[in-house]
There are 4 protein chains.
Amino acid sequence: MIMEIKPYRHEVKYYECDRMGITHHSNYIRFMEEARVDWMDQLGFGFDRMEAEGVVSPVVAVDCRYRQPSTFKDVIEIVPMVDESTALKLIISYTMTVAGRIICTGTSTHCFMENGRPVSLEARFPEFYAKMMECTENK
Amino acid sequence: MIMEIKPYRHEVKYYECDRMGITHHSNYIRFMEEARVDWMDQLGFGFDRMEAEGVVSPVVAVDCRYRQPSTFKDVIEIVPMVDESTALKLIISYTMTVAGRIICTGTSTHCFMENGRPVSLEARFPEFYAKMMECTENK
Amino acid sequence: MIMEIKPYRHEVKYYECDRMGITHHSNYIRFMEEARVDWMDQLGFGFDRMEAEGVVSPVVAVDCRYRQPSTFKDVIEIVPMVDESTALKLIISYTMTVAGRIICTGTSTHCFMENGRPVSLEARFPEFYAKMMECTENK
Amino acid sequence: MIMEIKPYRHEVKYYECDRMGITHHSNYIRFMEEARVDWMDQLGFGFDRMEAEGVVSPVVAVDCRYRQPSTFKDVIEIVPMVDESTALKLIISYTMTVAGRIICTGTSTHCFMENGRPVSLEARFPEFYAKMMECTENK
């Protein structure tokens, strides 16, 4: 049975908008992190649990493509998906919509480290990895 | 000889301004921290050195009074001073000016902790304390 | 009939925590703004409606007293109340709790401007003013 | 004569560091903006002048590759360059170093709009465009 993942919702705050009256572009990188945290919680494997197990997951790269602006009080729905997964690297993609219209897409790339050495997510947490891999675009 | 403390300068960033085109009020609390860090460095006793000695200094309270707005590219000069000092509490005041005109004043209140217990700054770091006390409004 | 105001809830984000692992103190000023926006919406008189009517409401002062730290994933409940109200000034108080325990209290002070001149909230928006005044600590 | 562009310097602030003790990855997007503003000022054509001429320059995309962490008090030197320039699009690359070691690289992509319509930077501001094009990696 494929689990149901709920989109993450972020309502744009007053202080997140800039002089042009729109959400400052840097904030989307933060929204992506919020959505990733929520997604991992829904998959039953939160940041905190991973940290408690001694594994940290630095962000190696991000990119973001801004399609439409958003503004104060807009509710952005964010859907994370596995974009690519190799032995030592995980790329997550994010689709961000307001009222069903895509405003922004992005990706974040992660590696996983334990005691200062790279670790394979699949080998280290096979159950979580399997669940996560259900969230791919072409399942 | 009284040491010369240079005012801290913060140039307002684009992303620090809000929809009204002015510096968002929450950012002044951050500018006060920046000025405090710089001031302690100038006094020869930086955050990092204090942390290395095992003393942490939580912020207990802040207040801020906004007199004039500032905006993108304004250079804010900030002068920290000792406002009040007791055995276990230090209150620092901040005067923030743009082109010589006061735009904001504030204070931050700190205590000092070592191994989870309050510690007297004067007893623990007498030399630093003496230097710091030269930066009072009524010296 | 007195209207029921729901506390505002803010879940602490990863990027809101600092090197000490706790919510950076500057962020509480932002949480207070979030709670104020939500409160005004619940009172039926949002920021946007006030702006549409040509009235802006600058923050004149803030203060914040930090009692206990909060951290990543803590859900902070914030209850705004009218602390004081005069012809030209409104002071809102905020009580912030995590799991029923007070972690932070604060206030924000506001004036109201129309066409660059101070305006009395009570005279300009009597209905909203009346509703707001029901949210006082000693009603 | 080719003009001398000075690298932009950003000293990492306490509040820019996260629970892992390193600069939160979202902040580099802001540092890139700071460097871009400074670079345009050095080229004699600041954001404010462009806005005054009625041209706005939305960010269309960003990407960032994190190579080494930075932390509190690190001074990041940022060198912006023209990465690619077409009729309607400008890509700026950023090299960020601490003490001469590359910690992060990124790009930002921009278009230029006047009265809601795309405008060619080269046609609209030929002098600025020429100066800017001197800052390319293969000049």
# chains A, B, ... in the order shown; residues from 1 in each chain; ligands from 1

call {"tool": "residues_around", "arguments": {"residues": "Ile102 (chain A)", "least_positions_apart": "5", "cutoff": "10 Å", "atoms": "only C-alpha atoms", "output": "PyMOL selection string"}}
result
chain A and resi 66-68+76-78+95-97

call {"tool": "residues_around", "arguments": {"residues": "Lys89 (chain D)", "least_positions_apart": "2", "cutoff": "9 Å", "atoms": "only C-alpha atoms", "output": "PyMOL selection string"}}
result
chain D and resi 60+84-87+91+109-112+120-121

call {"tool": "calpha_fit_and_write", "arguments": {"fixed": "chain B", "moving": "chain D", "output": "CSV table (one decimal) with N, CA and C atoms, in the first residue's frame"}}
result
chain,number,residue,atom,x,y,z
D,1,MET,N,44.0,55.3,31.0
D,1,MET,CA,43.5,55.8,29.7
D,1,MET,C,42.3,55.1,29.2
D,2,ILE,N,41.3,55.8,28.9
D,2,ILE,CA,40.0,55.3,28.4
D,2,ILE,C,40.2,54.8,26.9
D,3,MET,N,39.8,53.6,26.7
D,3,MET,CA,39.9,53.2,25.3
D,3,MET,C,38.8,53.7,24.4
D,4,GLU,N,39.2,53.9,23.1
D,4,GLU,CA,38.4,54.4,22.1
D,4,GLU,C,37.5,53.3,21.5
D,5,ILE,N,36.2,53.4,21.6
D,5,ILE,CA,35.4,52.3,21.0
D,5,ILE,C,34.8,52.9,19.7
D,6,LYS,N,35.0,52.2,18.6
D,6,LYS,CA,34.4,52.7,17.4
D,6,LYS,C,32.9,52.2,17.2
D,7,PRO,N,32.0,53.1,16.8
D,7,PRO,CA,30.6,52.7,16.6
D,7,PRO,C,30.6,51.5,15.6
D,8,TYR,N,29.7,50.6,15.7
D,8,TYR,CA,29.5,49.6,14.8
D,8,TYR,C,28.6,50.1,13.6
D,9,ARG,N,28.9,49.7,12.4
D,9,ARG,CA,28.2,50.2,11.2
D,9,ARG,C,27.5,49.0,10.5
D,10,HIS,N,26.2,49.1,10.3
D,10,HIS,CA,25.4,48.1,9.6
D,10,HIS,C,24.8,48.8,8.4
D,11,GLU,N,25.1,48.4,7.2
D,11,GLU,CA,24.4,48.9,6.0
D,11,GLU,C,23.1,48.1,5.7
D,12,VAL,N,22.0,48.7,5.6
D,12,VAL,CA,20.7,48.0,5.5
D,12,VAL,C,20.7,47.2,4.2
D,13,LYS,N,20.4,46.0,4.2
D,13,LYS,CA,20.3,45.1,3.1
D,13,LYS,C,18.9,45.1,2.4
D,14,TYR,N,18.9,44.8,1.1
D,14,TYR,CA,17.6,44.8,0.4
D,14,TYR,C,16.6,43.9,1.1
D,15,TYR,N,17.1,42.7,1.5
D,15,TYR,CA,16.2,41.7,2.1
D,15,TYR,C,15.8,42.0,3.5
D,16,GLU,N,16.3,43.1,4.1
D,16,GLU,CA,15.9,43.5,5.4
D,16,GLU,C,14.8,44.5,5.4
D,17,CYS,N,14.4,44.9,4.2
D,17,CYS,CA,13.3,45.9,4.1
D,17,CYS,C,12.0,45.1,3.8
D,18,ASP,N,10.9,45.7,4.2
D,18,ASP,CA,9.6,45.1,4.1
D,18,ASP,C,8.7,45.7,3.0
D,19,ARG,N,7.5,45.3,3.0
D,19,ARG,CA,6.5,45.8,2.0
D,19,ARG,C,6.3,47.3,2.0
D,20,MET,N,6.6,47.9,3.2
D,20,MET,CA,6.4,49.4,3.3
D,20,MET,C,7.7,50.1,2.8
D,21,GLY,N,8.7,49.3,2.4
D,21,GLY,CA,10.0,49.9,1.9
D,21,GLY,C,10.9,50.2,3.0
D,22,ILE,N,10.6,49.9,4.3
D,22,ILE,CA,11.5,50.3,5.4
D,22,ILE,C,12.1,49.0,6.0
D,23,THR,N,13.2,49.2,6.8
D,23,THR,CA,13.8,48.1,7.5
D,23,THR,C,12.7,47.4,8.4
D,24,HIS,N,12.5,46.1,8.3
D,24,HIS,CA,11.6,45.5,9.2
D,24,HIS,C,12.0,45.6,10.6
D,25,HIS,N,11.0,45.9,11.5
D,25,HIS,CA,11.4,46.2,12.9
D,25,HIS,C,12.1,45.1,13.6
D,26,SER,N,11.9,43.8,13.2
D,26,SER,CA,12.5,42.7,13.9
D,26,SER,C,14.1,42.8,13.7
D,27,ASN,N,14.5,43.3,12.6
D,27,ASN,CA,15.9,43.3,12.3
D,27,ASN,C,16.8,44.1,13.2
D,28,TYR,N,16.2,45.1,13.9
D,28,TYR,CA,17.0,46.0,14.8
D,28,TYR,C,17.5,45.1,16.0
D,29,ILE,N,16.7,44.1,16.4
D,29,ILE,CA,17.2,43.2,17.4
D,29,ILE,C,18.5,42.5,17.0
D,30,ARG,N,18.5,42.2,15.7
D,30,ARG,CA,19.7,41.5,15.2
D,30,ARG,C,20.9,42.5,15.1
D,31,PHE,N,20.6,43.7,14.7
D,31,PHE,CA,21.6,44.7,14.6
D,31,PHE,C,22.3,45.0,16.0
D,32,MET,N,21.4,44.9,17.0
D,32,MET,CA,21.9,45.1,18.4
D,32,MET,C,22.9,44.0,18.7
D,33,GLU,N,22.5,42.8,18.3
D,33,GLU,CA,23.4,41.7,18.6
D,33,GLU,C,24.8,41.8,17.8
D,34,GLU,N,24.7,42.3,16.6
D,34,GLU,CA,25.9,42.5,15.8
D,34,GLU,C,26.8,43.5,16.5
D,35,ALA,N,26.2,44.6,17.0
D,35,ALA,CA,26.9,45.7,17.6
D,35,ALA,C,27.5,45.2,18.9
D,36,ARG,N,26.8,44.3,19.6
D,36,ARG,CA,27.3,43.8,20.9
D,36,ARG,C,28.5,42.9,20.7
D,37,VAL,N,28.4,42.0,19.7
D,37,VAL,CA,29.5,41.2,19.3
D,37,VAL,C,30.8,42.0,19.0
D,38,ASP,N,30.6,43.0,18.2
D,38,ASP,CA,31.7,43.9,17.8
D,38,ASP,C,32.3,44.6,19.0
D,39,TRP,N,31.4,45.1,19.8
D,39,TRP,CA,31.8,45.9,21.0
D,39,TRP,C,32.7,45.0,22.0
D,40,MET,N,32.2,43.7,22.2
D,40,MET,CA,33.0,42.8,23.0
D,40,MET,C,34.3,42.5,22.4
D,41,ASP,N,34.3,42.4,21.1
D,41,ASP,CA,35.6,42.1,20.4
D,41,ASP,C,36.6,43.3,20.6
D,42,GLN,N,36.0,44.5,20.5
D,42,GLN,CA,36.8,45.7,20.7
D,42,GLN,C,37.3,45.8,22.2
D,43,LEU,N,36.5,45.3,23.1
D,43,LEU,CA,36.9,45.3,24.5
D,43,LEU,C,37.9,44.2,24.8
D,44,GLY,N,38.2,43.4,23.7
D,44,GLY,CA,39.2,42.3,23.9
D,44,GLY,C,38.6,41.0,24.5
D,45,PHE,N,37.3,40.9,24.4
D,45,PHE,CA,36.7,39.7,25.1
D,45,PHE,C,35.5,39.2,24.3
D,46,GLY,N,35.8,38.6,23.2
D,46,GLY,CA,34.7,38.2,22.3
D,46,GLY,C,33.9,37.0,22.8
D,47,PHE,N,32.7,36.9,22.2
D,47,PHE,CA,31.8,35.8,22.4
D,47,PHE,C,32.5,34.5,22.5
D,48,ASP,N,33.4,34.3,21.4
D,48,ASP,CA,34.0,33.0,21.3
D,48,ASP,C,35.0,32.7,22.4
D,49,ARG,N,35.7,33.7,22.9
D,49,ARG,CA,36.6,33.5,24.1
D,49,ARG,C,35.8,33.2,25.3
D,50,MET,N,34.7,33.9,25.5
D,50,MET,CA,33.8,33.6,26.7
D,50,MET,C,33.3,32.2,26.6
D,51,GLU,N,32.8,31.8,25.4
D,51,GLU,CA,32.3,30.4,25.2
D,51,GLU,C,33.4,29.4,25.5
D,52,ALA,N,34.7,29.7,25.0
D,52,ALA,CA,35.8,28.8,25.2
D,52,ALA,C,36.1,28.7,26.7
D,53,GLU,N,35.8,29.7,27.5
D,53,GLU,CA,36.1,29.7,28.9
D,53,GLU,C,34.9,29.0,29.6
D,54,GLY,N,33.9,28.6,28.9
D,54,GLY,CA,32.8,27.9,29.5
D,54,GLY,C,31.6,28.7,30.0
D,55,VAL,N,31.7,30.0,29.6
D,55,VAL,CA,30.6,30.9,30.1
D,55,VAL,C,29.7,31.2,28.9
D,56,VAL,N,28.4,31.0,29.1
D,56,VAL,CA,27.4,31.5,28.1
D,56,VAL,C,26.6,32.6,28.6
D,57,SER,N,26.1,33.4,27.7
D,57,SER,CA,25.4,34.6,28.1
D,57,SER,C,24.1,34.8,27.5
D,58,PRO,N,23.1,34.1,27.9
D,58,PRO,CA,21.7,34.2,27.3
D,58,PRO,C,21.2,35.6,27.4
D,59,VAL,N,20.4,35.9,26.4
D,59,VAL,CA,19.6,37.2,26.4
D,59,VAL,C,18.4,37.0,27.2
D,60,VAL,N,18.2,37.8,28.2
D,60,VAL,CA,17.1,37.7,29.1
D,60,VAL,C,15.9,38.5,28.7
D,61,ALA,N,16.2,39.7,28.1
D,61,ALA,CA,15.2,40.6,27.7
D,61,ALA,C,15.7,41.6,26.6
D,62,VAL,N,14.9,42.0,25.8
D,62,VAL,CA,15.2,43.1,24.9
D,62,VAL,C,14.1,44.1,24.8
D,63,ASP,N,14.4,45.4,24.5
D,63,ASP,CA,13.4,46.3,24.1
D,63,ASP,C,13.9,47.2,23.1
D,64,CYS,N,13.0,47.8,22.3
D,64,CYS,CA,13.4,48.6,21.2
D,64,CYS,C,12.4,49.7,21.0
D,65,ARG,N,12.8,50.9,20.8
D,65,ARG,CA,11.9,52.0,20.5
D,65,ARG,C,12.3,52.6,19.1
D,66,TYR,N,11.3,52.5,18.2
D,66,TYR,CA,11.6,53.0,16.8
D,66,TYR,C,11.2,54.4,16.7
D,67,ARG,N,12.1,55.3,16.3
D,67,ARG,CA,11.9,56.7,16.3
D,67,ARG,C,11.7,57.2,14.8
D,68,GLN,N,12.6,56.7,13.9
D,68,GLN,CA,12.5,57.1,12.5
D,68,GLN,C,12.7,55.8,11.7
D,69,PRO,N,12.1,55.7,10.6
D,69,PRO,CA,12.4,54.5,9.8
D,69,PRO,C,13.8,54.6,9.1
D,70,SER,N,14.4,53.4,8.8
D,70,SER,CA,15.6,53.4,7.9
D,70,SER,C,15.2,52.6,6.7
D,71,THR,N,16.1,52.6,5.7
D,71,THR,CA,15.8,51.9,4.5
D,71,THR,C,17.0,51.4,3.8
D,72,PHE,N,16.8,50.6,2.7
D,72,PHE,CA,17.9,50.0,1.9
D,72,PHE,C,19.1,51.0,1.7
D,73,LYS,N,20.2,50.5,2.0
D,73,LYS,CA,21.5,51.2,1.8
D,73,LYS,C,21.8,52.3,2.9
D,74,ASP,N,20.9,52.5,3.8
D,74,ASP,CA,21.2,53.4,4.9
D,74,ASP,C,22.3,52.8,5.8
D,75,VAL,N,23.2,53.6,6.2
D,75,VAL,CA,24.3,53.0,7.1
D,75,VAL,C,23.9,53.4,8.5
D,76,ILE,N,23.6,52.4,9.4
D,76,ILE,CA,23.2,52.6,10.7
D,76,ILE,C,24.4,52.5,11.6
D,77,GLU,N,24.7,53.6,12.4
D,77,GLU,CA,25.8,53.5,13.3
D,77,GLU,C,25.2,53.2,14.7
D,78,ILE,N,25.8,52.2,15.4
D,78,ILE,CA,25.3,51.7,16.6
D,78,ILE,C,26.3,51.8,17.7
D,79,VAL,N,26.0,52.5,18.8
D,79,VAL,CA,26.9,52.7,19.9
D,79,VAL,C,26.3,52.0,21.2
D,80,PRO,N,26.9,50.8,21.6
D,80,PRO,CA,26.5,50.1,22.8
D,80,PRO,C,27.1,50.8,24.0
D,81,MET,N,26.4,50.8,25.1
D,81,MET,CA,26.9,51.3,26.4
D,81,MET,C,26.4,50.4,27.5
D,82,VAL,N,27.1,50.4,28.6
D,82,VAL,CA,26.6,49.7,29.8
D,82,VAL,C,25.5,50.6,30.4
D,83,ASP,N,24.3,50.1,30.5
D,83,ASP,CA,23.2,50.9,31.0
D,83,ASP,C,23.1,50.6,32.5
D,84,GLU,N,23.3,49.4,32.9
D,84,GLU,CA,23.1,49.0,34.3
D,84,GLU,C,23.9,47.7,34.5
D,85,SER,N,24.5,47.6,35.7
D,85,SER,CA,25.2,46.3,35.9
D,85,SER,C,25.0,45.9,37.4
D,86,THR,N,24.5,44.8,37.6
D,86,THR,CA,24.4,44.3,39.0
D,86,THR,C,25.2,43.0,39.1
D,87,ALA,N,25.2,42.3,40.2
D,87,ALA,CA,26.0,41.1,40.4
D,87,ALA,C,25.7,40.1,39.3
D,88,LEU,N,24.4,39.9,39.0
D,88,LEU,CA,24.1,38.8,38.1
D,88,LEU,C,23.4,39.3,36.8
D,89,LYS,N,23.4,40.6,36.5
D,89,LYS,CA,22.6,41.0,35.4
D,89,LYS,C,23.4,42.2,34.7
D,90,LEU,N,23.4,42.2,33.4
D,90,LEU,CA,24.0,43.3,32.7
D,90,LEU,C,23.0,43.9,31.7
D,91,ILE,N,22.8,45.2,31.7
D,91,ILE,CA,21.9,45.8,30.7
D,91,ILE,C,22.7,46.7,29.8
D,92,ILE,N,22.7,46.4,28.5
D,92,ILE,CA,23.4,47.2,27.5
D,92,ILE,C,22.4,48.1,26.8
D,93,SER,N,22.7,49.4,26.6
D,93,SER,CA,21.8,50.2,25.8
D,93,SER,C,22.5,50.5,24.5
D,94,TYR,N,21.7,50.7,23.5
D,94,TYR,CA,22.1,50.9,22.1
D,94,TYR,C,21.5,52.2,21.5
D,95,THR,N,22.3,53.0,21.0
D,95,THR,CA,21.8,54.2,20.3
D,95,THR,C,22.2,54.0,18.8
D,96,MET,N,21.1,54.1,18.0
D,96,MET,CA,21.3,53.8,16.5
D,96,MET,C,21.0,55.1,15.8
D,97,THR,N,22.0,55.5,14.9
D,97,THR,CA,21.8,56.8,14.2
D,97,THR,C,22.0,56.5,12.7
D,98,VAL,N,21.4,57.3,11.9
D,98,VAL,CA,21.7,57.4,10.5
D,98,VAL,C,22.0,58.9,10.2
D,99,ALA,N,23.2,59.1,9.7
D,99,ALA,CA,23.7,60.4,9.4
D,99,ALA,C,23.5,61.4,10.6
D,100,GLY,N,23.8,60.8,11.7
D,100,GLY,CA,23.8,61.6,12.9
D,100,GLY,C,22.4,61.8,13.6
D,101,ARG,N,21.4,61.3,13.0
D,101,ARG,CA,20.0,61.4,13.5
D,101,ARG,C,19.6,60.1,14.2
D,102,ILE,N,19.1,60.2,15.4
D,102,ILE,CA,18.7,59.0,16.1
D,102,ILE,C,17.5,58.4,15.5
D,103,ILE,N,17.6,57.1,15.1
D,103,ILE,CA,16.4,56.4,14.5
D,103,ILE,C,15.8,55.4,15.4
D,104,CYS,N,16.6,54.9,16.3
D,104,CYS,CA,16.2,53.8,17.2
D,104,CYS,C,17.0,53.7,18.4
D,105,THR,N,16.4,53.4,19.5
D,105,THR,CA,17.2,53.1,20.8
D,105,THR,C,16.7,51.8,21.3
D,106,GLY,N,17.5,51.1,22.1
D,106,GLY,CA,17.1,49.8,22.6
D,106,GLY,C,18.0,49.4,23.7
D,107,THR,N,17.6,48.3,24.4
D,107,THR,CA,18.5,47.7,25.4
D,107,THR,C,18.4,46.2,25.3
D,108,SER,N,19.4,45.5,25.8
D,108,SER,CA,19.4,44.1,25.9
D,108,SER,C,19.9,43.7,27.3
D,109,THR,N,19.2,42.8,27.9
D,109,THR,CA,19.6,42.4,29.3
D,109,THR,C,20.2,40.9,29.2
D,110,HIS,N,21.2,40.8,29.9
D,110,HIS,CA,22.0,39.5,29.9
D,110,HIS,C,22.3,38.9,31.3
D,111,CYS,N,22.3,37.6,31.4
D,111,CYS,CA,22.9,37.0,32.6
D,111,CYS,C,24.1,36.2,32.1
D,112,PHE,N,24.8,35.6,33.0
D,112,PHE,CA,26.0,34.8,32.6
D,112,PHE,C,25.9,33.5,33.4
D,113,MET,N,26.1,32.4,32.6
D,113,MET,CA,26.0,31.1,33.2
D,113,MET,C,27.2,30.2,33.0
D,114,GLU,N,27.6,29.5,34.0
D,114,GLU,CA,28.7,28.5,33.9
D,114,GLU,C,28.3,27.2,34.5
D,115,ASN,N,28.4,26.2,33.7
D,115,ASN,CA,27.9,24.9,34.2
D,115,ASN,C,26.4,24.9,34.7
D,116,GLY,N,25.6,25.7,34.0
D,116,GLY,CA,24.2,25.8,34.3
D,116,GLY,C,23.9,26.6,35.5
D,117,ARG,N,24.9,27.3,36.1
D,117,ARG,CA,24.6,28.2,37.3
D,117,ARG,C,25.0,29.6,37.0
D,118,PRO,N,24.2,30.6,37.5
D,118,PRO,CA,24.6,32.0,37.3
D,118,PRO,C,26.0,32.3,37.9
D,119,VAL,N,26.7,33.2,37.2
D,119,VAL,CA,28.0,33.6,37.6
D,119,VAL,C,28.1,35.1,37.5
D,120,SER,N,28.9,35.7,38.4
D,120,SER,CA,29.1,37.1,38.4
D,120,SER,C,30.1,37.5,37.4
D,121,LEU,N,29.8,38.3,36.4
D,121,LEU,CA,30.7,38.7,35.4
D,121,LEU,C,31.9,39.4,36.1
D,122,GLU,N,31.6,40.2,37.1
D,122,GLU,CA,32.7,41.0,37.7
D,122,GLU,C,33.7,40.0,38.4
D,123,ALA,N,33.2,39.0,39.1
D,123,ALA,CA,34.0,38.1,39.8
D,123,ALA,C,34.8,37.2,38.9
D,124,ARG,N,34.1,36.8,37.8
D,124,ARG,CA,34.7,35.8,36.9
D,124,ARG,C,35.7,36.4,35.9
D,125,PHE,N,35.4,37.6,35.4
D,125,PHE,CA,36.3,38.2,34.4
D,125,PHE,C,36.5,39.7,34.9
D,126,PRO,N,37.2,39.9,36.0
D,126,PRO,CA,37.4,41.3,36.5
D,126,PRO,C,38.0,42.3,35.5
D,127,GLU,N,38.9,41.8,34.8
D,127,GLU,CA,39.6,42.7,33.9
D,127,GLU,C,38.7,43.2,32.8
D,128,PHE,N,38.0,42.3,32.1
D,128,PHE,CA,37.0,42.6,31.1
D,128,PHE,C,35.9,43.5,31.7
D,129,TYR,N,35.4,43.1,32.9
D,129,TYR,CA,34.4,43.9,33.6
D,129,TYR,C,34.8,45.4,33.7
D,130,ALA,N,36.0,45.6,34.2
D,130,ALA,CA,36.5,46.9,34.4
D,130,ALA,C,36.5,47.7,33.1
D,131,LYS,N,37.0,47.1,32.0
D,131,LYS,CA,37.0,47.7,30.7
D,131,LYS,C,35.6,48.1,30.3
D,132,MET,N,34.7,47.1,30.4
D,132,MET,CA,33.4,47.3,30.0
D,132,MET,C,32.7,48.5,30.7
D,133,MET,N,33.0,48.6,32.0
D,133,MET,CA,32.4,49.6,32.8
D,133,MET,C,32.8,51.0,32.4
D,134,GLU,N,33.9,51.1,31.7
D,134,GLU,CA,34.3,52.4,31.2
D,134,GLU,C,33.3,52.9,30.1
D,135,CYS,N,32.6,52.0,29.5
D,135,CYS,CA,31.6,52.4,28.5
D,135,CYS,C,30.2,52.6,29.2
D,136,THR,N,30.2,53.6,30.0
D,136,THR,CA,28.9,53.9,30.6
D,136,THR,C,28.5,55.3,30.2
D,137,GLU,N,27.3,55.6,30.4
D,137,GLU,CA,26.8,56.9,29.9
D,137,GLU,C,27.3,58.1,30.8
D,138,ASN,N,27.6,57.7,32.1
D,138,ASN,CA,27.9,58.8,33.0
D,138,ASN,C,29.3,58.7,33.5
D,139,LYS,N,30.3,58.2,32.7
D,139,LYS,CA,31.6,58.0,33.3
D,139,LYS,C,32.3,59.3,33.5

call {"tool": "select_by_dssp", "arguments": {"residues": "chain C", "states": "strand (DSSP E)", "output": "ChimeraX atom specification"}}
result
/C:8-11,55-56,59-66,75-85,90-98,101-110,113-114,117-118

call {"tool": "select_by_dssp", "arguments": {"residues": "region 16-89 of chain A", "states": "alpha helix (DSSP H)", "output": "list in words"}}
result
Asn27, Tyr28, Ile29, Arg30, Phe31, Met32, Glu33, Glu34, Ala35, Arg36, Val37, Asp38, Trp39, Met40, Asp41, Gln42, Phe47, Asp48, Arg49, Met50, Glu51 and Ala52 of chain A

call {"tool": "decode", "arguments": {"residues": "region 11-30 of chain C", "atoms": "N, CA and C atoms", "output": "compact mmCIF listing (two decimals), in the first residue's frame"}}
result
# COMPACT_ATOMS: atom_id res chain seq x y z
N GLU C 11 5.06 26.71 14.84
CA GLU C 11 5.99 25.60 15.07
C GLU C 11 7.39 26.08 14.71
N VAL C 12 8.33 25.94 15.64
CA VAL C 12 9.68 26.48 15.43
C VAL C 12 10.39 25.75 14.29
N LYS C 13 10.93 26.53 13.36
CA LYS C 13 11.62 25.98 12.19
C LYS C 13 13.10 25.73 12.49
N TYR C 14 13.66 24.81 11.73
CA TYR C 14 15.09 24.51 11.89
C TYR C 14 15.94 25.79 11.76
N TYR C 15 15.63 26.59 10.73
CA TYR C 15 16.45 27.79 10.45
C TYR C 15 16.20 28.91 11.46
N GLU C 16 15.28 28.73 12.38
CA GLU C 16 15.05 29.74 13.41
C GLU C 16 15.88 29.47 14.67
N CYS C 17 16.58 28.34 14.68
CA CYS C 17 17.40 27.99 15.84
C CYS C 17 18.85 28.39 15.60
N ASP C 18 19.53 28.72 16.69
CA ASP C 18 20.90 29.22 16.55
C ASP C 18 21.94 28.19 17.01
N ARG C 19 23.16 28.62 17.10
CA ARG C 19 24.28 27.77 17.47
C ARG C 19 24.11 27.10 18.84
N MET C 20 23.31 27.74 19.71
CA MET C 20 23.07 27.14 21.02
C MET C 20 21.96 26.10 20.94
N GLY C 21 21.37 25.94 19.73
CA GLY C 21 20.32 24.93 19.55
C GLY C 21 18.93 25.43 19.93
N ILE C 22 18.85 26.72 20.27
CA ILE C 22 17.55 27.27 20.69
C ILE C 22 17.06 28.33 19.70
N THR C 23 15.77 28.61 19.77
CA THR C 23 15.19 29.65 18.92
C THR C 23 15.93 30.97 19.13
N HIS C 24 16.44 31.57 18.05
CA HIS C 24 17.15 32.84 18.21
C HIS C 24 16.19 33.90 18.75
N HIS C 25 16.66 34.69 19.70
CA HIS C 25 15.75 35.61 20.40
C HIS C 25 15.07 36.62 19.49
N SER C 26 15.71 36.99 18.37
CA SER C 26 15.10 37.98 17.47
C SER C 26 13.81 37.45 16.84
N ASN C 27 13.70 36.13 16.73
CA ASN C 27 12.54 35.57 16.03
C ASN C 27 11.22 35.76 16.79
N TYR C 28 11.30 35.89 18.10
CA TYR C 28 10.06 36.08 18.86
C TYR C 28 9.34 37.37 18.46
N ILE C 29 10.12 38.37 18.05
CA ILE C 29 9.52 39.63 17.57
C ILE C 29 8.69 39.34 16.31
N ARG C 30 9.19 38.42 15.49
CA ARG C 30 8.45 38.02 14.29
C ARG C 30 7.22 37.19 14.65
